[in-house]
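Trainee: Below is upload12.tsv; it holds TSV, C-alpha atoms.
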```
chain	number	residue	atom	x	y	z
A	43	MET	CA	0.00	0.00	0.00
A	44	ILE	CA	2.76	2.44	1.06
A	45	LEU	CA	4.82	1.57	-2.02
A	46	LYS	CA	1.82	2.36	-4.25
A	47	VAL	CA	1.29	5.67	-2.48
A	48	TYR	CA	4.93	6.69	-2.86
A	49	THR	CA	4.84	5.71	-6.54
A	50	SER	CA	1.78	7.92	-7.11
A	51	LEU	CA	3.39	10.82	-5.28
A	52	LEU	CA	6.61	10.42	-7.28
A	53	LEU	CA	4.67	10.56	-10.53
A	54	LEU	CA	2.86	13.68	-9.31
A	55	PHE	CA	6.17	15.30	-8.40
A	56	LEU	CA	7.70	14.51	-11.79
A	57	VAL	CA	4.65	15.91	-13.61
A	58	ASN	CA	4.88	19.07	-11.51
A	59	SER	CA	8.58	19.65	-12.17
A	60	VAL	CA	9.43	18.27	-15.60
A	61	TRP	CA	8.58	21.46	-17.51
A	62	THR	CA	9.62	24.04	-14.94
A	63	ARG	CA	13.19	24.47	-16.19
A	64	THR	CA	14.02	27.28	-18.58
A	65	VAL	CA	15.23	26.45	-22.06
A	66	ARG	CA	16.59	29.77	-23.20
A	67	GLN	CA	20.25	29.03	-22.42
A	68	VAL	CA	20.18	25.95	-24.61
A	69	TYR	CA	19.68	28.01	-27.76
A	70	ASP	CA	22.29	30.73	-27.27
A	71	ASP	CA	24.87	29.07	-29.52
A	72	LEU	CA	22.57	27.71	-32.24
A	73	ASP	CA	23.18	28.38	-35.91
A	74	PRO	CA	21.10	31.50	-36.75
A	75	GLY	CA	20.00	29.82	-39.96
A	76	HIS	CA	17.84	27.42	-37.96
A	77	TRP	CA	15.68	30.26	-36.69
A	78	SER	CA	14.12	31.34	-39.97
A	79	HIS	CA	11.54	28.56	-40.19
A	80	TYR	CA	10.02	29.45	-36.82
A	81	THR	CA	10.40	33.21	-36.56
A	82	SER	CA	8.14	33.79	-39.58
A	83	GLU	CA	5.04	32.90	-37.55
A	84	CYS	CA	6.37	33.74	-34.10
A	85	PRO	CA	4.59	36.73	-32.48
A	86	GLN	CA	6.95	39.69	-32.48
A	87	GLU	CA	6.67	40.13	-28.72
A	88	CYS	CA	7.55	36.52	-27.95
A	89	PHE	CA	10.44	34.08	-28.04
A	90	CYS	CA	10.21	30.91	-30.19
A	91	PRO	CA	13.13	28.55	-29.51
A	92	PRO	CA	13.80	26.54	-32.70
A	93	SER	CA	14.94	23.47	-30.80
A	94	PHE	CA	11.72	23.54	-28.78
A	95	PRO	CA	9.26	24.33	-31.58
A	96	ASN	CA	6.18	23.43	-29.53
A	97	ALA	CA	6.86	26.17	-26.93
A	98	LEU	CA	6.08	29.88	-27.04
A	99	TYR	CA	7.57	32.24	-24.46
A	100	CYS	CA	5.71	35.52	-24.03
A	101	ASP	CA	6.40	36.00	-20.33
A	102	ASN	CA	7.61	39.27	-18.80
A	103	LYS	CA	6.84	41.30	-21.93
A	104	GLY	CA	4.38	43.83	-20.54
A	105	LEU	CA	1.63	42.40	-22.75
A	106	LYS	CA	-1.93	43.65	-22.30
A	107	GLU	CA	-3.50	41.03	-24.54
A	108	ILE	CA	-2.70	37.54	-25.75
A	109	PRO	CA	-1.01	37.49	-29.18
A	110	PRO	CA	-2.07	35.05	-31.96
A	111	ILE	CA	-0.85	31.56	-31.03
A	112	PRO	CA	0.68	29.48	-33.86
A	113	ALA	CA	-0.90	26.09	-34.54
A	114	ARG	CA	2.24	24.14	-33.60
A	115	ILE	CA	2.31	25.38	-29.98
A	116	TRP	CA	1.74	22.97	-27.09
A	117	TYR	CA	3.32	24.97	-24.26
A	118	LEU	CA	2.38	28.62	-23.80
A	119	TYR	CA	4.04	30.90	-21.28
A	120	LEU	CA	2.28	34.22	-20.65
A	121	GLN	CA	3.05	34.82	-16.97
A	122	ASN	CA	4.09	38.20	-15.53
A	123	ASN	CA	2.23	40.46	-17.94
A	124	GLN	CA	-0.68	42.90	-17.78
A	125	ILE	CA	-3.23	40.69	-19.57
A	126	GLU	CA	-6.84	41.35	-18.58
A	127	THR	CA	-8.83	39.16	-20.99
A	128	ILE	CA	-8.88	35.68	-22.50
A	129	SER	CA	-10.74	35.68	-25.82
A	130	GLU	CA	-11.18	33.08	-28.57
A	131	LYS	CA	-9.42	34.98	-31.34
A	132	PRO	CA	-5.77	34.36	-30.27
A	133	PHE	CA	-6.49	30.63	-29.95
A	134	ALA	CA	-8.20	30.18	-33.32
A	135	ASN	CA	-5.37	28.00	-34.67
A	136	ALA	CA	-4.03	26.71	-31.33
A	137	THR	CA	-5.78	23.36	-31.29
A	138	HIS	CA	-2.87	21.43	-29.74
A	139	LEU	CA	-2.29	23.40	-26.54
A	140	ARG	CA	-1.41	21.24	-23.53
A	141	TRP	CA	-0.06	23.84	-21.12
A	142	ILE	CA	-0.94	27.50	-20.47
A	143	ASN	CA	0.74	29.62	-17.83
A	144	LEU	CA	-1.13	32.89	-17.20
A	145	ASN	CA	0.10	33.50	-13.66
A	146	LYS	CA	0.57	37.07	-12.43
A	147	ASN	CA	-1.71	38.93	-14.80
A	148	LYS	CA	-4.89	40.99	-14.30
A	149	ILE	CA	-7.50	38.55	-15.55
A	150	THR	CA	-11.03	38.83	-14.16
A	151	ASN	CA	-13.99	36.50	-14.62
A	152	SER	CA	-15.72	39.05	-16.83
A	153	GLY	CA	-12.59	39.19	-18.96
A	154	ILE	CA	-12.82	35.49	-19.87
A	155	GLU	CA	-14.92	35.02	-23.00
A	156	SER	CA	-17.71	32.49	-22.50
A	157	GLY	CA	-16.63	28.97	-23.48
A	158	VAL	CA	-13.09	29.94	-24.50
A	159	LEU	CA	-11.37	27.61	-22.02
A	160	SER	CA	-13.59	24.58	-22.61
A	161	LYS	CA	-12.84	24.78	-26.34
A	162	LEU	CA	-9.17	24.00	-25.65
A	163	LYS	CA	-9.89	20.30	-25.90
A	164	ARG	CA	-6.32	19.07	-25.40
A	165	LEU	CA	-5.36	21.35	-22.53
A	166	LEU	CA	-3.91	19.48	-19.54
A	167	TYR	CA	-2.38	22.19	-17.36
A	168	LEU	CA	-3.92	25.60	-16.64
A	169	PHE	CA	-2.16	28.13	-14.43
A	170	LEU	CA	-4.11	31.23	-13.42
A	171	GLU	CA	-2.44	32.13	-10.14
A	172	GLU	CA	-2.20	35.73	-8.91
A	173	ASN	CA	-4.95	37.23	-11.04
A	174	GLU	CA	-8.21	39.01	-10.18
A	175	LEU	CA	-10.60	36.05	-10.29
A	176	GLU	CA	-13.54	36.07	-7.88
A	177	GLU	CA	-14.85	32.61	-8.76
A	178	VAL	CA	-13.56	29.45	-10.39
A	179	PRO	CA	-13.82	30.01	-14.16
A	180	ALA	CA	-16.30	27.82	-16.00
A	181	PRO	CA	-16.67	25.82	-18.09
A	182	LEU	CA	-13.23	24.19	-18.06
A	183	PRO	CA	-11.55	21.75	-20.47
A	184	VAL	CA	-12.66	18.24	-19.58
A	185	GLY	CA	-9.15	16.80	-20.00
A	186	LEU	CA	-7.47	19.03	-17.41
A	187	GLU	CA	-4.97	17.32	-15.11
A	188	GLN	CA	-3.85	20.34	-13.10
A	189	LEU	CA	-5.71	23.53	-12.22
A	190	ARG	CA	-3.86	26.19	-10.25
A	191	LEU	CA	-5.89	29.15	-9.02
A	192	ALA	CA	-3.91	30.24	-5.96
A	193	ARG	CA	-3.65	33.85	-4.79
A	194	ASN	CA	-6.79	35.20	-6.44
A	195	LYS	CA	-9.95	36.57	-4.78
A	196	ILE	CA	-12.08	33.49	-5.27
A	197	SER	CA	-15.07	33.29	-2.92
A	198	LYS	CA	-17.41	31.27	-5.12
A	199	ILE	CA	-17.22	27.87	-6.80
A	200	PRO	CA	-19.98	27.51	-9.44
A	201	GLU	CA	-22.17	24.46	-9.08
A	202	GLY	CA	-20.91	21.51	-11.14
A	203	VAL	CA	-17.74	23.27	-12.31
A	204	PHE	CA	-15.63	20.19	-11.49
A	205	SER	CA	-18.21	17.52	-12.33
A	206	HIS	CA	-16.62	16.49	-15.64
A	207	LEU	CA	-12.96	16.83	-14.67
A	208	GLU	CA	-12.30	13.14	-14.10
A	209	ASN	CA	-8.62	13.46	-15.07
A	210	LEU	CA	-7.79	16.25	-12.64
A	211	THR	CA	-5.04	15.20	-10.21
A	212	MET	CA	-4.18	18.59	-8.67
A	213	LEU	CA	-6.47	21.44	-7.59
A	214	ASP	CA	-4.81	24.44	-5.97
A	215	LEU	CA	-7.13	27.04	-4.42
A	216	HIS	CA	-4.87	28.32	-1.67
A	217	GLN	CA	-4.80	31.95	-0.58
A	218	ASN	CA	-8.25	32.92	-1.78
A	219	SER	CA	-11.40	34.08	0.04
A	220	LEU	CA	-13.32	30.84	0.45
A	221	LEU	CA	-15.80	30.52	3.31
A	222	ASP	CA	-17.38	27.28	4.53
A	223	SER	CA	-20.52	28.14	2.58
A	224	ALA	CA	-18.57	27.99	-0.70
A	225	LEU	CA	-17.79	24.29	-0.18
A	226	GLN	CA	-20.98	22.28	-0.49
A	227	SER	CA	-21.34	18.52	-0.26
A	228	ASP	CA	-21.21	18.21	-4.06
A	229	THR	CA	-18.56	20.86	-4.78
A	230	PHE	CA	-15.82	18.33	-5.56
A	231	GLN	CA	-18.12	15.77	-7.15
A	232	GLY	CA	-16.57	14.22	-10.25
A	233	LEU	CA	-12.93	14.61	-9.19
A	234	ASN	CA	-12.42	10.87	-9.06
A	235	ASN	CA	-8.66	10.95	-9.65
A	236	LEU	CA	-7.72	13.96	-7.55
A	237	MET	CA	-4.48	13.41	-5.65
A	238	GLN	CA	-3.70	16.84	-4.22
A	239	LEU	CA	-6.17	19.41	-2.87
A	240	ASN	CA	-4.83	22.69	-1.51
A	241	ILE	CA	-7.31	24.99	0.28
A	242	ALA	CA	-4.76	26.60	2.62
A	243	LYS	CA	-4.94	30.31	3.49
A	244	ASN	CA	-8.68	30.76	3.10
A	245	SER	CA	-11.36	31.56	5.69
A	246	LEU	CA	-12.60	28.10	6.61
A	247	LYS	CA	-13.88	27.35	10.11
A	248	LYS	CA	-14.86	23.75	9.40
A	249	MET	CA	-13.28	20.80	7.66
A	250	PRO	CA	-14.48	20.83	4.03
A	251	LEU	CA	-17.27	18.48	3.02
A	252	SER	CA	-16.95	15.48	0.69
A	253	ILE	CA	-13.25	15.49	-0.15
A	254	PRO	CA	-12.63	13.15	-3.13
A	255	ALA	CA	-11.96	9.63	-1.90
A	256	ASN	CA	-8.64	9.21	-3.74
A	257	THR	CA	-7.03	12.34	-2.29
A	258	LEU	CA	-3.47	11.72	-1.08
A	259	GLN	CA	-2.43	15.23	-0.07
A	260	LEU	CA	-4.78	17.59	1.78
A	261	PHE	CA	-3.50	21.05	2.69
A	262	LEU	CA	-5.65	23.18	5.02
A	263	ASP	CA	-3.05	25.40	6.67
A	264	ASN	CA	-3.83	28.98	7.73
A	265	ASN	CA	-7.57	28.70	8.18
A	266	SER	CA	-9.62	28.93	11.39
A	267	ILE	CA	-10.60	25.28	11.78
A	268	GLU	CA	-11.49	24.31	15.34
A	269	VAL	CA	-12.96	20.81	15.11
A	270	ILE	CA	-12.20	17.53	13.33
A	271	PRO	CA	-15.51	15.64	12.89
A	272	GLU	CA	-15.72	12.08	14.15
A	273	ASN	CA	-14.55	9.55	11.52
A	274	TYR	CA	-13.78	12.39	9.10
A	275	PHE	CA	-10.88	10.59	7.44
A	276	SER	CA	-12.76	7.35	6.83
A	277	ALA	CA	-14.18	9.01	3.70
A	278	ILE	CA	-10.65	9.67	2.36
A	279	PRO	CA	-8.92	6.37	3.16
A	280	LYS	CA	-5.84	7.11	1.05
A	281	VAL	CA	-4.86	10.46	2.56
A	282	THR	CA	-1.12	10.38	3.21
A	283	PHE	CA	-0.04	14.00	3.77
A	284	LEU	CA	-2.24	16.14	6.00
A	285	ARG	CA	-1.40	19.77	6.80
A	286	LEU	CA	-3.44	21.67	9.39
A	287	ASN	CA	-0.83	24.17	10.57
A	288	TYR	CA	-1.97	27.60	11.75
A	289	ASN	CA	-5.54	26.74	12.68
A	290	LYS	CA	-7.44	26.84	16.00
A	291	LEU	CA	-7.45	23.18	16.93
A	292	SER	CA	-7.64	22.36	20.63
A	293	ASP	CA	-7.70	19.05	22.48
A	294	ASP	CA	-11.50	19.19	22.71
A	295	GLY	CA	-11.79	19.65	18.95
A	296	ILE	CA	-10.08	16.36	18.11
A	297	PRO	CA	-11.91	13.01	18.54
A	298	SER	CA	-10.07	10.42	20.61
A	299	ASN	CA	-8.85	8.61	17.50
A	300	GLY	CA	-9.19	11.47	15.05
A	301	PHE	CA	-5.66	11.13	13.71
A	302	ASN	CA	-5.24	7.42	14.39
A	303	VAL	CA	-5.42	6.73	10.65
A	304	SER	CA	-3.17	4.11	9.08
A	305	SER	CA	-2.81	5.89	5.73
A	306	ILE	CA	-1.40	9.14	7.17
A	307	LEU	CA	2.40	9.23	6.96
A	308	ASP	CA	2.96	12.97	7.45
A	309	LEU	CA	0.83	14.93	9.94
A	310	GLN	CA	1.37	18.66	10.49
A	311	LEU	CA	-0.42	20.37	13.39
A	312	SER	CA	1.98	23.23	14.10
A	313	HIS	CA	0.73	26.56	15.49
A	314	ASN	CA	-2.53	25.35	17.03
A	315	GLN	CA	-3.80	25.27	20.62
A	316	LEU	CA	-3.06	21.69	21.65
A	317	THR	CA	-1.93	20.93	25.20
A	318	LYS	CA	-1.22	17.25	24.59
A	319	ILE	CA	-0.18	14.98	21.77
A	320	PRO	CA	-3.23	13.39	20.10
A	321	PRO	CA	-3.28	9.61	19.56
A	322	ILE	CA	-1.45	8.62	16.40
A	323	ASN	CA	-1.14	5.51	14.28
A	324	ALA	CA	1.91	3.25	14.21
A	325	HIS	CA	2.34	3.97	10.47
A	326	LEU	CA	2.91	7.71	10.98
A	327	GLU	CA	6.44	8.78	9.98
A	328	HIS	CA	6.52	12.58	10.43
A	329	LEU	CA	4.72	14.52	13.17
A	330	HIS	CA	4.84	18.33	13.47
A	331	LEU	CA	3.47	19.71	16.76
A	332	ASP	CA	5.64	22.77	17.24
A	333	HIS	CA	4.23	26.03	18.61
A	334	ASN	CA	1.30	24.60	20.52
A	335	LYS	CA	0.75	24.65	24.31
A	336	ILE	CA	2.14	21.22	25.17
A	337	LYS	CA	3.86	21.13	28.58
A	338	SER	CA	4.98	17.53	28.84
A	339	VAL	CA	5.32	14.33	26.85
A	340	ASN	CA	4.64	10.85	28.17
A	341	GLY	CA	6.00	8.25	25.77
A	342	THR	CA	4.00	5.43	27.33
A	343	GLN	CA	0.73	7.32	26.79
A	344	ILE	CA	1.35	8.42	23.21
A	345	CYS	CA	2.97	5.20	22.02
A	346	PRO	CA	0.58	3.67	19.44
A	347	VAL	CA	1.49	0.14	20.55
A	348	SER	CA	2.20	-1.33	23.95
A	349	ILE	CA	5.85	-0.86	24.86
A	350	ALA	CA	5.82	-4.27	26.51
A	351	LEU	CA	4.43	-5.83	23.34
A	352	GLU	CA	7.01	-3.96	21.32
A	353	GLU	CA	9.75	-5.50	23.45
A	354	ASP	CA	8.36	-8.95	22.64
A	355	TYR	CA	8.31	-8.34	18.86
A	356	GLY	CA	11.58	-6.43	18.69
A	357	TYR	CA	12.53	-4.88	15.37
A	358	TYR	CA	10.56	-7.44	13.43
A	359	GLY	CA	7.16	-6.61	14.84
A	360	ASN	CA	4.71	-3.82	14.26
A	361	ILE	CA	6.86	-1.14	15.87
A	362	PRO	CA	5.95	2.53	15.34
A	363	ARG	CA	7.48	4.04	12.22
A	364	LEU	CA	7.83	7.61	13.49
A	365	ARG	CA	11.11	9.07	12.21
A	366	TYR	CA	10.68	12.81	12.77
A	367	LEU	CA	9.07	14.55	15.75
A	368	ARG	CA	8.94	18.32	16.12
A	369	LEU	CA	7.91	19.78	19.48
A	370	ASP	CA	9.74	23.12	19.68
A	371	GLY	CA	7.80	26.25	20.55
A	372	ASN	CA	5.91	24.45	23.33
A	373	GLU	CA	6.61	24.42	27.06
A	374	ILE	CA	8.56	21.17	27.01
A	375	GLN	CA	12.01	21.14	28.58
A	376	PRO	CA	14.79	18.76	27.56
A	377	PRO	CA	15.96	16.06	27.94
A	378	ILE	CA	13.87	13.83	25.73
A	379	PRO	CA	11.99	11.30	27.88
A	380	LEU	CA	13.50	7.85	27.65
A	381	ASP	CA	10.15	6.20	27.01
A	382	ILE	CA	9.86	8.24	23.79
A	383	MET	CA	13.03	6.61	22.51
A	384	ILE	CA	11.94	3.19	23.69
A	385	CYS	CA	8.64	3.45	21.83
A	386	PHE	CA	9.77	5.18	18.66
A	387	ARG	CA	12.92	3.23	17.87
A	388	LEU	CA	13.13	4.49	14.31
A	389	LEU	CA	13.27	8.15	15.34
A	390	GLN	CA	16.01	10.01	13.51
A	391	ALA	CA	15.28	13.54	14.71
A	392	VAL	CA	13.46	15.09	17.67
A	393	VAL	CA	13.23	18.88	17.86
A	394	ILE	CA	12.37	20.32	21.28
```
Go through the file and emit its structure as C-alpha cells.
Mentor:
Amino acid sequence: MILKVYTSLLLLFLVNSVWTRTVRQVYDDLDPGHWSHYTSECPQECFCPPSFPNALYCDNKGLKEIPPIPARIWYLYLQNNQIETISEKPFANATHLRWINLNKNKITNSGIESGVLSKLKRLLYLFLEENELEEVPAPLPVGLEQLRLARNKISKIPEGVFSHLENLTMLDLHQNSLLDSALQSDTFQGLNNLMQLNIAKNSLKKMPLSIPANTLQLFLDNNSIEVIPENYFSAIPKVTFLRLNYNKLSDDGIPSNGFNVSSILDLQLSHNQLTKIPPINAHLEHLHLDHNKIKSVNGTQICPVSIALEEDYGYYGNIPRLRYLRLDGNEIQPPIPLDIMICFRLLQAVVI
C-alpha cells in the first residue's frame, strides 16, 4: 500500500517539475539559420526557440493582450504580464495546446470570454495564479490534469464546475477568500482521480465536506478550523499527507482517535492550541506539533502500541514508524523522555 502511495506521489512530483526548467540558455549558440523557419510565424513580442518548436515564451513582456498563437504550440508561457482578458481569437489556430501559464496577470472572470477555455480540448495544465478572479472560471476543459488558481480573490465555486474533470489530479485554491458556505457537499463531485487538494490560506472554520476519496495530499493550513468531525478521514482512506498548521485546533476539537489513521504518513499540526499529543497511528512517519501549548510528553501514553508488546516483537514486529518529531515552541524542557526513545525506535530527529 505504502509503495503504491509513494509511486503515485513520485509521478505527481515529476509531472509538476518536468517542464519548470528554462530552455533559453540551450539556444544561445545555435546556428542563426535554424531560426528562420520558426520566426516567420512567431509573435513579435515573444520568443520561439527553434529546438523547442512546440513552446512559445511571451512571459515578462508587458503584454496587455494575448497574441495570436501558432498552430504548432503545445506549451504557452504568458506569466508576468498585464493581460486582462482571455478571448477566442488568439487561440483560433491553437488546437494542440497542452499547457498554459497565465500567472501574475490581471485577468477577471468578466474578462474570460464564454466557453473559451472549454474549447481548448487538449489542454492538460492551466495556471491562473495571482490574477483578479472572484470565482472558479467555467466551463473548463474536460481533460485538465492540473488547475492552479492560488492567490486570487475566489469566494465562489460555481455548481458543477468540477463535475466532468475526471482526469484532474491537482487542484490548488490556496490563498483565496473561500468561506465554509462555498464548499458544499457536491462541490468536488466528479474529481475521481484527484491526488492533491490545496485549500490553505482561506477563511474556513470547518473541515471541508466530501473530499474526493482518492485524495493523497490535503492542505488546510492557515484557516480557522477548530474541530475535526468524528470519523472524518474514513471518507478519504488514502490520505497520506495532512497539513493543518496555523488553525485553531484544541484538544477538545479532536476526537479520541481522530488522527489514528493508518494511511497518514505525514501529519502537520503546528501553530494550534493543543496541550497534549493526540493519539497517532503506528504507520505515521513525520509529526509536526511545534508552537502549541504542550507542557509535557509521556511516551508510554502516546505510544501507538504497547511498549511491553514492542519488546516482545523487537525490530521485526509492528513497531511505530515515526522518524521525525517536532515539538519546539511548546513548554517542554529537555531532555527527551526515555520512554519516547523506547517506543519510537526508528526516530532520527526530535526537535524540542
Trainee: Point out the residue among A:Leu236, A:Leu182, A:Asp101, A:Arg190 with the least atom-to-atom distance to A:Glu208, counting only C-alpha atoms.
Mentor: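 For A:Glu208, the nearest of the candidates is A:Leu236.
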Trainee: Could you check which residues have any atom within 12 Å of (4.8, 23.5, 17.1), counting all atoms listed in the file with coordinates taken straight from the file, and then list them as number ranges by chain?
Mentor: A: 286-289, 309-319, 329-337, 367-374, 393-394
Trainee: To box stretch 126-145 of chain A, take all atoms listed in the file, fit an axis-aligned box, add 6 Å on each side, and give centre and edge lengths in Å to one decimal, as JSON.
Mentor:
```
{"center_x": -5.2, "center_y": 31.3, "center_z": -24.2, "size_x": 23.9, "size_y": 32.1, "size_z": 33.0}
```
Trainee: Restricting the calculation to all atoms listed in the file: of A:Ile111, A:Gly232, A:Gln390, A:Ser223, which residue gets closest to A:His206?
Mentor: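 With all atoms listed in the file as the atom set, the closest residue is A:Gly232.
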Trainee: For the point (-2.3, 24.6, -20.1) in file coordinates, what residues are within 12 Å, counting only C-alpha atoms? Give the answer as a ChimeraX atom specification?
Mentor: /A:61,97,115-121,136-145,159-160,162-170,182-183,185-190
Trainee: Tell me which protein, DNA and RNA residues are within 12 Å of A:Glu87, counting all atoms listed in the file, leaving out same-chain ones fewer than 4 positions away, and put them as a ChimeraX atom specification.
Mentor: /A:81,83,98-111,120,123
Trainee: What is the distance, in Å and to one decimal place, between atom CA of A:Glu176 and atom CA of A:Glu155?
Mentor: 15.2 Å
Trainee: Give the answer as one residue: which of A:Pro320, A:Ile128, A:Leu291, A:Ser156 has the shortest atom-to-atom distance to A:Gly341, using all atoms listed in the file?
Mentor: A:Pro320
Trainee: Identify which of the residues A:Asn323, A:Asn273, A:Ser219, A:Gln238 lies closest to A:Ile361, counting all atoms listed in the file when measuring atom-to-atom distances.
Mentor: A:Asn323
